[in-house]
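Text of start_5.cif, listed as mmCIF, C-alpha atoms; chains and numbers go by the auth columns:
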```cif
data_model
loop_
_atom_site.group_PDB
_atom_site.id
_atom_site.type_symbol
_atom_site.label_atom_id
_atom_site.label_comp_id
_atom_site.label_asym_id
_atom_site.label_seq_id
_atom_site.Cartn_x
_atom_site.Cartn_y
_atom_site.Cartn_z
_atom_site.B_iso_or_equiv
_atom_site.auth_seq_id
_atom_site.auth_asym_id
ATOM 1 C CA MET A 1 17.936 18.949 8.738 0.00 10 R
ATOM 2 C CA ARG A 2 15.854 19.942 11.750 0.00 11 R
ATOM 3 C CA PHE A 3 12.615 19.131 9.912 0.00 12 R
ATOM 4 C CA VAL A 4 13.616 15.572 8.952 0.00 13 R
ATOM 5 C CA VAL A 5 12.689 13.945 12.259 0.00 14 R
ATOM 6 C CA PRO A 6 9.324 15.715 12.679 0.00 15 R
ATOM 7 C CA ALA A 7 8.389 15.032 9.045 0.00 16 R
ATOM 8 C CA VAL A 8 9.233 11.340 9.371 0.00 17 R
ATOM 9 C CA LEU A 9 7.320 11.067 12.639 0.00 18 R
ATOM 10 C CA ILE A 10 4.241 12.553 10.969 0.00 19 R
ATOM 11 C CA LEU A 11 4.535 10.202 7.974 0.00 20 R
ATOM 12 C CA VAL A 12 4.968 7.148 10.178 0.00 21 R
ATOM 13 C CA ALA A 13 2.084 8.332 12.371 0.00 22 R
ATOM 14 C CA VAL A 14 -0.145 8.376 9.288 0.00 23 R
ATOM 15 C CA ILE A 15 0.957 4.839 8.378 0.00 24 R
ATOM 16 C CA HIS A 16 0.137 3.689 11.911 0.00 25 R
ATOM 17 C CA ALA A 17 -3.174 5.574 11.983 0.00 26 R
ATOM 18 C CA LEU A 18 -4.642 3.713 8.999 0.00 27 R
ATOM 19 C CA PRO A 19 -5.418 0.522 11.011 0.00 28 R
ATOM 20 C CA VAL A 20 -7.424 2.596 13.506 0.00 29 R
ATOM 21 C CA LEU A 21 -10.365 2.172 11.146 0.00 30 R
ATOM 22 C CA GLY A 22 -10.440 -1.457 12.310 0.00 31 R
ATOM 23 C CA MET A 23 -12.189 -0.236 15.469 0.00 32 R
ATOM 24 C CA LEU A 24 -15.326 0.063 13.342 0.00 33 R
ATOM 25 C CA GLY A 25 -15.814 -3.696 13.254 0.00 34 R
ATOM 26 C CA ALA A 26 -15.395 -6.932 11.346 0.00 35 R
ATOM 27 C CA ALA A 27 -16.311 -5.501 7.934 0.00 36 R
ATOM 28 C CA LYS A 28 -13.610 -2.829 8.145 0.00 37 R
ATOM 29 C CA LEU A 29 -11.076 -5.353 9.479 0.00 38 R
ATOM 30 C CA SER A 30 -11.866 -7.590 6.522 0.00 39 R
ATOM 31 C CA GLN A 31 -11.332 -4.677 4.151 0.00 40 R
ATOM 32 C CA LEU A 32 -8.034 -3.703 5.804 0.00 41 R
ATOM 33 C CA TYR A 33 -6.482 -7.153 6.082 0.00 42 R
ATOM 34 C CA GLY A 34 -8.276 -9.301 3.524 0.00 43 R
ATOM 35 C CA ILE A 35 -9.481 -11.742 6.172 0.00 44 R
ATOM 36 C CA THR A 36 -12.884 -12.887 7.344 0.00 45 R
ATOM 37 C CA VAL A 37 -13.423 -12.151 11.013 0.00 46 R
ATOM 38 C CA GLN A 38 -16.281 -14.371 12.166 0.00 47 R
ATOM 39 C CA ASP A 39 -15.113 -15.176 15.681 0.00 48 R
ATOM 40 C CA PRO A 40 -16.234 -12.412 18.082 0.00 49 R
ATOM 41 C CA ASN A 41 -13.150 -13.008 20.251 0.00 50 R
ATOM 42 C CA LEU A 42 -10.827 -12.447 17.308 0.00 51 R
ATOM 43 C CA GLU A 43 -12.821 -9.352 16.340 0.00 52 R
ATOM 44 C CA LEU A 44 -12.417 -7.970 19.871 0.00 53 R
ATOM 45 C CA LEU A 45 -8.654 -8.572 19.816 0.00 54 R
ATOM 46 C CA LEU A 46 -8.236 -6.989 16.384 0.00 55 R
ATOM 47 C CA ARG A 47 -10.368 -3.989 17.320 0.00 56 R
ATOM 48 C CA HIS A 48 -8.264 -3.515 20.451 0.00 57 R
ATOM 49 C CA ARG A 49 -5.156 -3.752 18.251 0.00 58 R
ATOM 50 C CA ALA A 50 -6.611 -0.903 16.194 0.00 59 R
ATOM 51 C CA VAL A 51 -6.907 1.203 19.359 0.00 60 R
ATOM 52 C CA LEU A 52 -3.270 0.491 20.225 0.00 61 R
ATOM 53 C CA PHE A 53 -2.203 1.580 16.750 0.00 62 R
ATOM 54 C CA GLY A 54 -4.127 4.789 17.329 0.00 63 R
ATOM 55 C CA LEU A 55 -2.210 5.398 20.545 0.00 64 R
ATOM 56 C CA LEU A 56 1.087 4.746 18.782 0.00 65 R
ATOM 57 C CA ALA A 57 0.119 7.093 15.943 0.00 66 R
ATOM 58 C CA ALA A 58 -0.798 9.764 18.493 0.00 67 R
ATOM 59 C CA LEU A 59 2.574 9.413 20.254 0.00 68 R
ATOM 60 C CA LEU A 60 4.464 9.632 16.953 0.00 69 R
ATOM 61 C CA ALA A 61 2.520 12.723 15.876 0.00 70 R
ATOM 62 C CA TYR A 62 2.876 14.420 19.266 0.00 71 R
ATOM 63 C CA ALA A 63 6.612 13.702 19.336 0.00 72 R
ATOM 64 C CA ALA A 64 6.921 15.537 16.021 0.00 73 R
ATOM 65 C CA ILE A 65 6.280 18.777 17.918 0.00 74 R
ATOM 66 C CA ARG A 66 7.982 17.747 21.186 0.00 75 R
ATOM 67 C CA PRO A 67 11.711 17.241 20.564 0.00 76 R
ATOM 68 C CA GLU A 68 12.243 15.723 24.011 0.00 77 R
ATOM 69 C CA LEU A 69 9.960 12.814 22.997 0.00 78 R
ATOM 70 C CA GLN A 70 11.462 12.185 19.575 0.00 79 R
ATOM 71 C CA ARG A 71 14.057 9.615 20.625 0.00 80 R
ATOM 72 C CA LEU A 72 11.422 7.627 22.521 0.00 81 R
ATOM 73 C CA ALA A 73 9.012 7.805 19.575 0.00 82 R
ATOM 74 C CA LEU A 74 11.711 6.683 17.134 0.00 83 R
ATOM 75 C CA VAL A 75 12.534 3.677 19.314 0.00 84 R
ATOM 76 C CA ILE A 76 8.907 2.678 19.897 0.00 85 R
ATOM 77 C CA GLY A 77 7.988 3.137 16.240 0.00 86 R
ATOM 78 C CA SER A 78 11.010 1.129 15.131 0.00 87 R
ATOM 79 C CA VAL A 79 10.258 -1.714 17.544 0.00 88 R
ATOM 80 C CA SER A 80 6.642 -1.827 16.375 0.00 89 R
ATOM 81 C CA VAL A 81 7.554 -1.941 12.694 0.00 90 R
ATOM 82 C CA ALA A 82 10.542 -4.264 13.043 0.00 91 R
ATOM 83 C CA SER A 83 8.632 -6.751 15.194 0.00 92 R
ATOM 84 C CA PHE A 84 5.872 -7.027 12.586 0.00 93 R
ATOM 85 C CA LEU A 85 8.418 -7.446 9.801 0.00 94 R
ATOM 86 C CA VAL A 86 10.169 -10.233 11.728 0.00 95 R
ATOM 87 C CA LEU A 87 6.844 -11.973 12.373 0.00 96 R
ATOM 88 C CA ALA A 88 5.894 -11.618 8.712 0.00 97 R
ATOM 89 C CA GLN A 89 9.243 -13.077 7.663 0.00 98 R
ATOM 90 C CA LEU A 90 8.717 -16.046 10.003 0.00 99 R
ATOM 91 C CA SER A 91 5.208 -16.594 8.659 0.00 100 R
ATOM 92 C CA SER A 92 4.789 -19.306 6.069 0.00 101 R
ATOM 93 C CA SER A 93 2.609 -17.039 3.932 0.00 102 R
ATOM 94 C CA TYR A 94 0.262 -14.082 4.003 0.00 103 R
ATOM 95 C CA ASN A 95 -2.362 -12.603 1.714 0.00 104 R
ATOM 96 C CA ASP A 96 -2.100 -9.639 -0.660 0.00 105 R
ATOM 97 C CA ALA A 97 -3.591 -7.208 1.859 0.00 106 R
ATOM 98 C CA LEU A 98 -0.963 -8.141 4.437 0.00 107 R
ATOM 99 C CA ALA A 99 1.729 -7.931 1.755 0.00 108 R
ATOM 100 C CA THR A 100 0.695 -4.288 1.385 0.00 109 R
ATOM 101 C CA VAL A 101 1.092 -3.846 5.158 0.00 110 R
ATOM 102 C CA VAL A 102 4.554 -5.424 4.947 0.00 111 R
ATOM 103 C CA ARG A 103 5.563 -2.995 2.183 0.00 112 R
ATOM 104 C CA ALA A 104 4.219 -0.041 4.204 0.00 113 R
ATOM 105 C CA ASP A 105 6.193 -1.202 7.234 0.00 114 R
ATOM 106 C CA TRP A 106 9.404 -1.523 5.181 0.00 115 R
ATOM 107 C CA LEU A 107 8.850 2.063 4.091 0.00 116 R
ATOM 108 C CA ALA A 108 8.182 3.114 7.691 0.00 117 R
ATOM 109 C CA LEU A 109 11.334 1.342 8.885 0.00 118 R
ATOM 110 C CA ALA A 110 13.464 3.047 6.227 0.00 119 R
ATOM 111 C CA LEU A 111 12.009 6.428 7.193 0.00 120 R
ATOM 112 C CA LEU A 112 12.590 5.757 10.892 0.00 121 R
ATOM 113 C CA LEU A 113 16.215 4.808 10.232 0.00 122 R
ATOM 114 C CA ILE A 114 16.744 8.030 8.273 0.00 123 R
ATOM 115 C CA ALA A 115 15.157 9.976 11.133 0.00 124 R
ATOM 116 C CA ALA A 116 17.313 8.177 13.711 0.00 125 R
ATOM 117 C CA VAL A 117 20.470 9.161 11.821 0.00 126 R
ATOM 118 C CA ALA A 118 19.226 12.746 11.506 0.00 127 R
ATOM 119 C CA HIS A 119 18.340 12.811 15.210 0.00 128 R
ATOM 120 C CA ALA A 120 21.775 11.508 16.182 0.00 129 R
ATOM 121 C CA ALA A 121 23.485 14.030 13.904 0.00 130 R
ATOM 122 C CA THR A 122 21.457 16.869 15.373 0.00 131 R
ATOM 123 C CA ALA A 123 22.222 15.726 18.926 0.00 132 R
ATOM 124 C CA THR A 124 25.936 15.452 18.135 0.00 133 R
ATOM 125 C CA ALA A 125 25.975 18.908 16.574 0.00 134 R
ATOM 126 C CA ALA A 126 24.177 20.352 19.603 0.00 135 R
ATOM 127 C CA LEU A 127 26.751 18.800 21.939 0.00 136 R
ATOM 128 C CA SER A 128 29.678 20.245 20.004 0.00 137 R
ATOM 129 C CA VAL A 129 28.102 23.707 20.153 0.00 138 R
ATOM 130 C CA GLU A 130 27.506 23.446 23.905 0.00 139 R
ATOM 131 C CA ARG A 131 31.028 22.260 24.717 0.00 140 R
ATOM 132 C CA PRO A 132 33.714 24.601 23.460 0.00 141 R
ATOM 133 C CA VAL A 133 36.995 23.008 22.468 0.00 142 R
ATOM 134 C CA ARG A 134 39.897 23.930 24.755 0.00 143 R
#
```

For the structure just supplied, provide its representation as structure tokens.
Amino acid sequence: MRFVVPAVLILVAVIHALPVLGMLGAAKLSQLYGITVQDPNLELLLRHRAVLFGLLAALLAYAAIRPELQRLALVIGSVSVASFLVLAQLSSSYNDALATVVRADWLALALLLIAAVAHAATATAALSVERPVR
């Protein structure tokens, strides 16, 4: 059970690291998301988004080896994934490439929920060991 949370954090870090390739420019962004990025302002914003995904992936991976950061990483990862899924649901439509991102985020959310339950169970078990029953 103690390896569930770190394993999930690593898997979700990998999912979040994939968009980092978008830093390489419009051609890579087009390949990742199936969109044409002709506006340099949009390219800048999307490339910056790729950097932010890299930071999130780094936090998730680092938290896998730092138990004191795992709760924070689970919350931040869940908010990131859930917010995208809500936005996608509110969207009138999206292309096949973004549909793949949606599926990956559903997988990430399921993994994060499993890890959150495992984390809570581990924390509860640790509390019962620390506090003897009288």

Using atom CA of R:Thr45 and atom CA of R:Gly86 as the two end points, give the distance in Å to one decimal. 27.8 Å

Suppose a student applies the PyMOL selection byres ((chain R and resi 38-41) around 12) to this structure; what residues should they get, written as an NGL selection string? :R and (27-37 or 42-47 or 51-59 or 104-110)

Give me, please, the distance in Å between atom CA of R:Ala26 and atom CA of R:Leu64, quoted to one decimal. 8.6 Å

At a cut-off of 10 Å around the point (6.2, -0.7, 12.9) (file coordinates), what residues fall inside when counting only C-alpha atoms? I'd like the answer as a list in words.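 Those within range, by chain then number, are Val21, Ala22, Ile24, His25, Phe62, Leu65, Ile85, Gly86, Ser87, Val88, Ser89, Val90, Ala91, Ser92, Phe93, Leu94, Val110, Val111, Ala113, Asp114, Trp115, Leu116, Ala117, Leu118 and Leu121 of chain R.
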
What does the structure give for the distance between atom CA of R:Ile123 and atom CA of R:Val95, in Å to one decimal? 19.7 Å

Would you translate the PyMOL selection byres ((chain R and resi 83) around 9) into the concrete set of residues it matches in this file, as a list in words?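 Applying the expression gives Val14, Leu18, Leu69, Ala72, Leu78, Gln79, Arg80, Leu81, Ala82, Val84, Ile85, Gly86, Ser87, Val88, Leu121, Leu122, Ala124 and Ala125 of chain R.
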
Could you check the closest approach to R:Pro76 for each of R:Ala97, R:Ala132, R:Val60, R:Leu120 and tell me which residue wins, using only C-alpha atoms? R:Ala132

Which one is closest to R:Ala119: R:Leu68, R:Val17, R:Arg11, R:Tyr103? Count all atoms listed in the file. R:Val17

Would you compute, for all listed atoms of stretch 80-87 of chain R, the axis-aligned bounding box grown by 6 Å on each side, and then report its centre and edge lengths in Å rounded to one decimal, as AutoDock Vina command-line options?
```
--center_x 11.0 --center_y 5.4 --center_z 18.8 --size_x 18.1 --size_y 20.5 --size_z 19.4
```

Go through R:Thr131, R:Asn50, R:Ser101, R:Ile74 one by one, measure the shortest atom-to-atom distance of each to R:Ala16 using all atoms listed in the file, and give the residue with the smallest value.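 Nearest to R:Ala16: R:Ile74.
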
How would stretch 53-67 of chain R look with N, CA and C atoms restored, written as a PDB file, in the coordinates of the input?
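Result file result38.pdb:
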```pdb
ATOM      1  N   LEU R  53     -12.748  -8.801  18.710  1.00  0.00           N
ATOM      2  CA  LEU R  53     -12.417  -7.970  19.871  1.00  0.00           C
ATOM      3  C   LEU R  53     -10.919  -7.695  19.937  1.00  0.00           C
ATOM      4  N   LEU R  54     -10.111  -8.744  19.762  1.00  0.00           N
ATOM      5  CA  LEU R  54      -8.654  -8.572  19.816  1.00  0.00           C
ATOM      6  C   LEU R  54      -8.151  -7.653  18.703  1.00  0.00           C
ATOM      7  N   LEU R  55      -8.680  -7.827  17.507  1.00  0.00           N
ATOM      8  CA  LEU R  55      -8.236  -6.989  16.384  1.00  0.00           C
ATOM      9  C   LEU R  55      -8.707  -5.543  16.541  1.00  0.00           C
ATOM     10  N   ARG R  56      -9.892  -5.359  17.093  1.00  0.00           N
ATOM     11  CA  ARG R  56     -10.368  -3.989  17.320  1.00  0.00           C
ATOM     12  C   ARG R  56      -9.519  -3.309  18.397  1.00  0.00           C
ATOM     13  N   HIS R  57      -9.138  -4.067  19.417  1.00  0.00           N
ATOM     14  CA  HIS R  57      -8.264  -3.515  20.451  1.00  0.00           C
ATOM     15  C   HIS R  57      -6.899  -3.176  19.854  1.00  0.00           C
ATOM     16  N   ARG R  58      -6.409  -4.024  18.957  1.00  0.00           N
ATOM     17  CA  ARG R  58      -5.156  -3.752  18.251  1.00  0.00           C
ATOM     18  C   ARG R  58      -5.250  -2.428  17.499  1.00  0.00           C
ATOM     19  N   ALA R  59      -6.398  -2.166  16.911  1.00  0.00           N
ATOM     20  CA  ALA R  59      -6.611  -0.903  16.194  1.00  0.00           C
ATOM     21  C   ALA R  59      -6.491   0.286  17.149  1.00  0.00           C
ATOM     22  N   VAL R  60      -7.021   0.133  18.350  1.00  0.00           N
ATOM     23  CA  VAL R  60      -6.907   1.203  19.359  1.00  0.00           C
ATOM     24  C   VAL R  60      -5.441   1.438  19.707  1.00  0.00           C
ATOM     25  N   LEU R  61      -4.691   0.357  19.891  1.00  0.00           N
ATOM     26  CA  LEU R  61      -3.270   0.491  20.225  1.00  0.00           C
ATOM     27  C   LEU R  61      -2.493   1.175  19.107  1.00  0.00           C
ATOM     28  N   PHE R  62      -2.843   0.878  17.863  1.00  0.00           N
ATOM     29  CA  PHE R  62      -2.203   1.580  16.750  1.00  0.00           C
ATOM     30  C   PHE R  62      -2.545   3.066  16.784  1.00  0.00           C
ATOM     31  N   GLY R  63      -3.750   3.387  17.192  1.00  0.00           N
ATOM     32  CA  GLY R  63      -4.127   4.789  17.329  1.00  0.00           C
ATOM     33  C   GLY R  63      -3.289   5.495  18.380  1.00  0.00           C
ATOM     34  N   LEU R  64      -3.057   4.816  19.492  1.00  0.00           N
ATOM     35  CA  LEU R  64      -2.210   5.398  20.545  1.00  0.00           C
ATOM     36  C   LEU R  64      -0.777   5.597  20.052  1.00  0.00           C
ATOM     37  N   LEU R  65      -0.264   4.619  19.326  1.00  0.00           N
ATOM     38  CA  LEU R  65       1.087   4.746  18.782  1.00  0.00           C
ATOM     39  C   LEU R  65       1.156   5.889  17.779  1.00  0.00           C
ATOM     40  N   ALA R  66       0.156   5.992  16.920  1.00  0.00           N
ATOM     41  CA  ALA R  66       0.119   7.093  15.943  1.00  0.00           C
ATOM     42  C   ALA R  66       0.070   8.440  16.661  1.00  0.00           C
ATOM     43  N   ALA R  67      -0.704   8.516  17.733  1.00  0.00           N
ATOM     44  CA  ALA R  67      -0.798   9.764  18.493  1.00  0.00           C
ATOM     45  C   ALA R  67       0.551  10.129  19.114  1.00  0.00           C
TER      46      ALA R  67
END
```
